[in-house]
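Colleague: What follows is the file final13.pdb, containing PDB, C-alpha atoms:
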```pdb
ATOM      1  CA  GLN A 164       7.558   9.874  14.121  1.00  0.00           C
ATOM      2  CA  VAL A 165       6.995   8.836  10.514  1.00  0.00           C
ATOM      3  CA  GLN A 166       4.700  10.609   8.081  1.00  0.00           C
ATOM      4  CA  LEU A 167       3.235   8.795   5.082  1.00  0.00           C
ATOM      5  CA  VAL A 168       1.574  10.494   2.123  1.00  0.00           C
ATOM      6  CA  GLU A 169      -0.224   8.433  -0.506  1.00  0.00           C
ATOM      7  CA  SER A 170      -1.015   9.476  -4.054  1.00  0.00           C
ATOM      8  CA  GLY A 171      -2.233   7.949  -7.298  1.00  0.00           C
ATOM      9  CA  GLY A 172      -5.740   6.856  -6.449  1.00  0.00           C
ATOM     10  CA  GLY A 173      -8.715   7.557  -8.665  1.00  0.00           C
ATOM     11  CA  LEU A 174     -11.325   6.079 -10.964  1.00  0.00           C
ATOM     12  CA  VAL A 175     -10.347   3.304 -13.358  1.00  0.00           C
ATOM     13  CA  GLN A 176     -12.269   0.918 -15.547  1.00  0.00           C
ATOM     14  CA  ALA A 177     -12.228  -2.806 -14.880  1.00  0.00           C
ATOM     15  CA  GLY A 178      -9.252  -4.395 -16.571  1.00  0.00           C
ATOM     16  CA  GLY A 179      -7.240  -1.201 -16.376  1.00  0.00           C
ATOM     17  CA  SER A 180      -4.185  -0.224 -14.367  1.00  0.00           C
ATOM     18  CA  LEU A 181      -3.332   2.211 -11.615  1.00  0.00           C
ATOM     19  CA  ARG A 182      -0.159   2.977  -9.686  1.00  0.00           C
ATOM     20  CA  LEU A 183      -0.190   4.102  -6.077  1.00  0.00           C
ATOM     21  CA  SER A 184       2.746   5.815  -4.402  1.00  0.00           C
ATOM     22  CA  CYS A 185       3.523   6.429  -0.749  1.00  0.00           C
ATOM     23  CA  ALA A 186       6.299   8.773   0.328  1.00  0.00           C
ATOM     24  CA  ALA A 187       7.692   8.494   3.838  1.00  0.00           C
ATOM     25  CA  SER A 188       9.308  11.282   5.826  1.00  0.00           C
ATOM     26  CA  GLY A 189      10.484  11.797   9.376  1.00  0.00           C
ATOM     27  CA  ARG A 190      12.424   9.086  11.196  1.00  0.00           C
ATOM     28  CA  ILE A 191      12.629   7.003   8.049  1.00  0.00           C
ATOM     29  CA  PHE A 192      15.859   5.261   9.022  1.00  0.00           C
ATOM     30  CA  ARG A 193      13.838   3.245  11.505  1.00  0.00           C
ATOM     31  CA  ILE A 194      11.347   1.867   8.948  1.00  0.00           C
ATOM     32  CA  ASN A 195      11.447  -1.878   8.373  1.00  0.00           C
ATOM     33  CA  ASP A 196       8.516  -3.349   6.450  1.00  0.00           C
ATOM     34  CA  MET A 197       6.196  -1.226   4.343  1.00  0.00           C
ATOM     35  CA  GLY A 198       2.911  -2.224   2.850  1.00  0.00           C
ATOM     36  CA  TRP A 199      -0.501  -1.484   1.456  1.00  0.00           C
ATOM     37  CA  TYR A 200      -3.820  -2.277   3.074  1.00  0.00           C
ATOM     38  CA  ARG A 201      -7.339  -1.538   1.897  1.00  0.00           C
ATOM     39  CA  GLN A 202     -10.772  -1.051   3.384  1.00  0.00           C
ATOM     40  CA  ALA A 203     -13.980  -1.351   1.426  1.00  0.00           C
ATOM     41  CA  PRO A 204     -17.274   0.078   2.736  1.00  0.00           C
ATOM     42  CA  GLY A 205     -18.686  -2.093   5.488  1.00  0.00           C
ATOM     43  CA  LYS A 206     -15.625  -4.309   5.604  1.00  0.00           C
ATOM     44  CA  GLN A 207     -12.553  -4.591   7.795  1.00  0.00           C
ATOM     45  CA  ARG A 208      -9.178  -3.285   6.699  1.00  0.00           C
ATOM     46  CA  GLU A 209      -7.242  -6.061   4.968  1.00  0.00           C
ATOM     47  CA  LEU A 210      -3.679  -6.636   3.849  1.00  0.00           C
ATOM     48  CA  VAL A 211      -2.938  -6.174   0.159  1.00  0.00           C
ATOM     49  CA  ALA A 212       0.841  -6.492  -0.010  1.00  0.00           C
ATOM     50  CA  THR A 213       3.956  -5.959   2.088  1.00  0.00           C
ATOM     51  CA  ILE A 214       7.642  -5.570   1.313  1.00  0.00           C
ATOM     52  CA  THR A 215      10.641  -5.799   3.601  1.00  0.00           C
ATOM     53  CA  ARG A 216      13.597  -3.420   3.557  1.00  0.00           C
ATOM     54  CA  GLY A 217      15.473  -6.124   1.646  1.00  0.00           C
ATOM     55  CA  GLY A 218      12.741  -6.489  -0.980  1.00  0.00           C
ATOM     56  CA  SER A 219      10.940  -9.667   0.060  1.00  0.00           C
ATOM     57  CA  THR A 220       7.249  -9.431  -0.786  1.00  0.00           C
ATOM     58  CA  ASN A 221       3.985 -10.903   0.437  1.00  0.00           C
ATOM     59  CA  TYR A 222       0.578 -10.647  -1.258  1.00  0.00           C
ATOM     60  CA  ALA A 223      -3.029 -11.350  -0.455  1.00  0.00           C
ATOM     61  CA  ASP A 224      -4.322 -14.248  -2.529  1.00  0.00           C
ATOM     62  CA  SER A 225      -6.921 -11.972  -4.117  1.00  0.00           C
ATOM     63  CA  VAL A 226      -4.268  -9.783  -5.771  1.00  0.00           C
ATOM     64  CA  LYS A 227      -1.502 -12.272  -6.576  1.00  0.00           C
ATOM     65  CA  GLY A 228      -0.504 -12.079 -10.209  1.00  0.00           C
ATOM     66  CA  ARG A 229      -2.265  -8.723 -10.681  1.00  0.00           C
ATOM     67  CA  PHE A 230      -0.629  -6.326  -8.212  1.00  0.00           C
ATOM     68  CA  ALA A 231       3.054  -5.678  -7.627  1.00  0.00           C
ATOM     69  CA  ILE A 232       4.602  -3.896  -4.665  1.00  0.00           C
ATOM     70  CA  SER A 233       7.998  -2.262  -4.939  1.00  0.00           C
ATOM     71  CA  ARG A 234      10.144   0.000  -2.844  1.00  0.00           C
ATOM     72  CA  ASP A 235      12.785   2.632  -3.486  1.00  0.00           C
ATOM     73  CA  ASN A 236      14.745   2.997  -0.269  1.00  0.00           C
ATOM     74  CA  ALA A 237      16.727   5.926  -1.673  1.00  0.00           C
ATOM     75  CA  LYS A 238      13.493   7.861  -2.246  1.00  0.00           C
ATOM     76  CA  ASN A 239      11.780   6.472   0.867  1.00  0.00           C
ATOM     77  CA  THR A 240       8.838   5.525  -1.321  1.00  0.00           C
ATOM     78  CA  VAL A 241       6.749   2.403  -1.743  1.00  0.00           C
ATOM     79  CA  TYR A 242       4.620   1.714  -4.812  1.00  0.00           C
ATOM     80  CA  LEU A 243       1.693  -0.503  -5.669  1.00  0.00           C
ATOM     81  CA  GLN A 244       1.221  -1.293  -9.346  1.00  0.00           C
ATOM     82  CA  MET A 245      -2.340  -2.463  -9.842  1.00  0.00           C
ATOM     83  CA  ASN A 246      -3.086  -4.293 -13.096  1.00  0.00           C
ATOM     84  CA  SER A 247      -6.205  -6.062 -14.346  1.00  0.00           C
ATOM     85  CA  VAL A 248      -8.231  -4.318 -11.664  1.00  0.00           C
ATOM     86  CA  LYS A 249     -11.673  -5.592 -10.741  1.00  0.00           C
ATOM     87  CA  PRO A 250     -14.705  -3.842  -9.214  1.00  0.00           C
ATOM     88  CA  GLU A 251     -14.008  -5.729  -5.984  1.00  0.00           C
ATOM     89  CA  ASP A 252     -10.691  -3.874  -5.727  1.00  0.00           C
ATOM     90  CA  THR A 253     -12.660  -0.714  -4.969  1.00  0.00           C
ATOM     91  CA  ALA A 254     -11.591   0.536  -1.537  1.00  0.00           C
ATOM     92  CA  VAL A 255      -9.607   3.135   0.329  1.00  0.00           C
ATOM     93  CA  TYR A 256      -5.974   2.097   0.125  1.00  0.00           C
ATOM     94  CA  TYR A 257      -3.697   2.838   3.073  1.00  0.00           C
ATOM     95  CA  CYS A 258       0.077   2.884   3.191  1.00  0.00           C
ATOM     96  CA  ASN A 259       1.700   1.317   6.242  1.00  0.00           C
ATOM     97  CA  ALA A 260       5.191   1.542   7.708  1.00  0.00           C
ATOM     98  CA  LEU A 261       6.494  -0.695  10.466  1.00  0.00           C
ATOM     99  CA  VAL A 262       9.081   0.808  12.791  1.00  0.00           C
ATOM    100  CA  GLY A 263      10.898  -1.745  14.881  1.00  0.00           C
ATOM    101  CA  ILE A 264       8.618  -4.753  15.319  1.00  0.00           C
ATOM    102  CA  THR A 265       5.536  -3.237  16.885  1.00  0.00           C
ATOM    103  CA  VAL A 266       5.010   0.400  15.919  1.00  0.00           C
ATOM    104  CA  ASN A 267       2.801   0.996  12.885  1.00  0.00           C
ATOM    105  CA  TYR A 268       2.270   4.257  11.038  1.00  0.00           C
ATOM    106  CA  TRP A 269      -0.515   4.845   8.531  1.00  0.00           C
ATOM    107  CA  GLY A 270      -1.137   7.242   5.697  1.00  0.00           C
ATOM    108  CA  GLN A 271      -4.379   9.138   5.279  1.00  0.00           C
ATOM    109  CA  GLY A 272      -5.633   6.796   2.576  1.00  0.00           C
ATOM    110  CA  THR A 273      -6.372   7.174  -1.120  1.00  0.00           C
ATOM    111  CA  GLN A 274      -9.609   6.139  -2.800  1.00  0.00           C
ATOM    112  CA  VAL A 275      -9.513   3.628  -5.644  1.00  0.00           C
ATOM    113  CA  THR A 276     -12.758   3.084  -7.534  1.00  0.00           C
ATOM    114  CA  VAL A 277     -13.050   0.454 -10.253  1.00  0.00           C
ATOM    115  CA  SER A 278     -16.020   0.775 -12.579  1.00  0.00           C
ATOM    116  CA  SER A 279     -17.497  -2.239 -14.337  1.00  0.00           C
TER     117      SER A 279
END
```
Please re-express this file's structure in structure tokens.

Modeller:
Amino acid sequence: QVQLVESGGGLVQAGGSLRLSCAASGRIFRINDMGWYRQAPGKQRELVATITRGGSTNYADSVKGRFAISRDNAKNTVYLQMNSVKPEDTAVYYCNALVGITVNYWGQGTQVTVSS
């Protein structure tokens, strides 16, 4: 089992910045990729960014150049630095951890609201 706890969400003005954190605990030695997903009201959950254990990253086109994902394996924590945020970034952001190649764990989610 892996437990994920997100923090750092909140209200931010358009053009501002926010940093999300996700701390993993439990059977962390089995975690491979980690990532962030988001779900806006009335929409499906979508990928924001992922990072492998080795540091390779992948981003949704909508956040490229604005968001940056990073990972501290020593602290078992993944971060999402959100810059130049837009109202359309408003969503609940979920942390994800992939164990092996098929088992996904999710955090409880943290709300990010961007005001115009």

Colleague: List, as a PyMOL selection string, every residue that the PyMOL selection byres ((chain A and resi 241) around 12) selects in the file provided.

Modeller: chain A and resi 167-171+182-188+194-199+212-216+218+220+231-240+242-244+257-260+270

Colleague: As an exercise, work out the distance from CA of Gln202 in chain A to CA of Glu251 in chain A in Å and give it to one decimal place.

Modeller: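 One can read the CA of Gln202 in chain A to CA of Glu251 in chain A distance as 11.0 Å.
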
Colleague: Restricting the calculation to all atoms listed in the file: of A:Val275, A:Gly173, A:Gly217, A:Ile191, which residue gets closest to Ala254 in chain A?

Modeller: A:Val275

Colleague: Let me make sure I understand: among A:Leu174, A:Val255, A:Ile264, A:Ala223, which one has the smallest atom-to-atom distance to Gly205 in chain A if we use all atoms listed in the file?

Modeller: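 Of all the options, A:Val255 lies closest to Gly205 in chain A.
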
Colleague: So the first atom is CA of Gly178 in chain A and the second is CA of Asn246 in chain A; what is the distance between them in Å, to one decimal place?

Modeller: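 Going from CA of Gly178 in chain A over to CA of Asn246 in chain A, I get 7.1 Å.
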
Colleague: What separation in Å, quoted to one decimal, exists between CA of Pro204 in chain A and CA of Val277 in chain A?

Modeller: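 A separation of 13.7 Å between them.
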
Colleague: Find the residue from A:Leu261, A:Pro250, A:Thr276, A:Met245 that sits nearest to Leu181 in chain A; use all atoms listed in the file when measuring.

Modeller: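 Checking each of A:Leu261, A:Pro250, A:Thr276, A:Met245 against Leu181 in chain A, counting all atoms listed in the file, the winner is A:Met245.
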
Colleague: Could you give me the centre and size, in Å to one decimal, of an axis-aligned box around all listed atoms of range 198-216 of chain A with 8 Å added on every side, as JSON?

Modeller:
```
{"center_x": -2.5, "center_y": -3.3, "center_z": 3.9, "size_x": 48.3, "size_y": 22.7, "size_z": 23.8}
```

Colleague: Nearest residue to Asn221 in chain A out of A:Ser247, A:Tyr268, A:Ala177, A:Tyr200, using only C-alpha atoms?

Modeller: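 Counting only C-alpha atoms, the residue closest to Asn221 in chain A is A:Tyr200.
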
Colleague: Please provide as a list in words all residues within 10 Å of Asp224 in chain A, with the sequence filter that same-chain residues fewer than 2 positions apart are discarded (counting all atoms listed in the file).

Modeller: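 Here the answer would be Leu210, Val211, Ala212, Asn221, Tyr222, Val226, Lys227 and Gly228 of chain A.
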
Colleague: My list of candidates is A:Arg201, A:Ser219, A:Arg193, A:Gly179. Which is closest to Asn267 in chain A when distances are computed with all atoms listed in the file?

Modeller: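 Of A:Arg201, A:Ser219, A:Arg193, A:Gly179, the one nearest Asn267 in chain A is A:Arg193, counting all atoms listed in the file.
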
Colleague: Name the residues captured by the PyMOL selection byres ((chain A and resi 273) around 6) when it is applied to the shown file; answer as a VMD selection string.

Modeller: chain A and resid 172 255 to 256 272 274
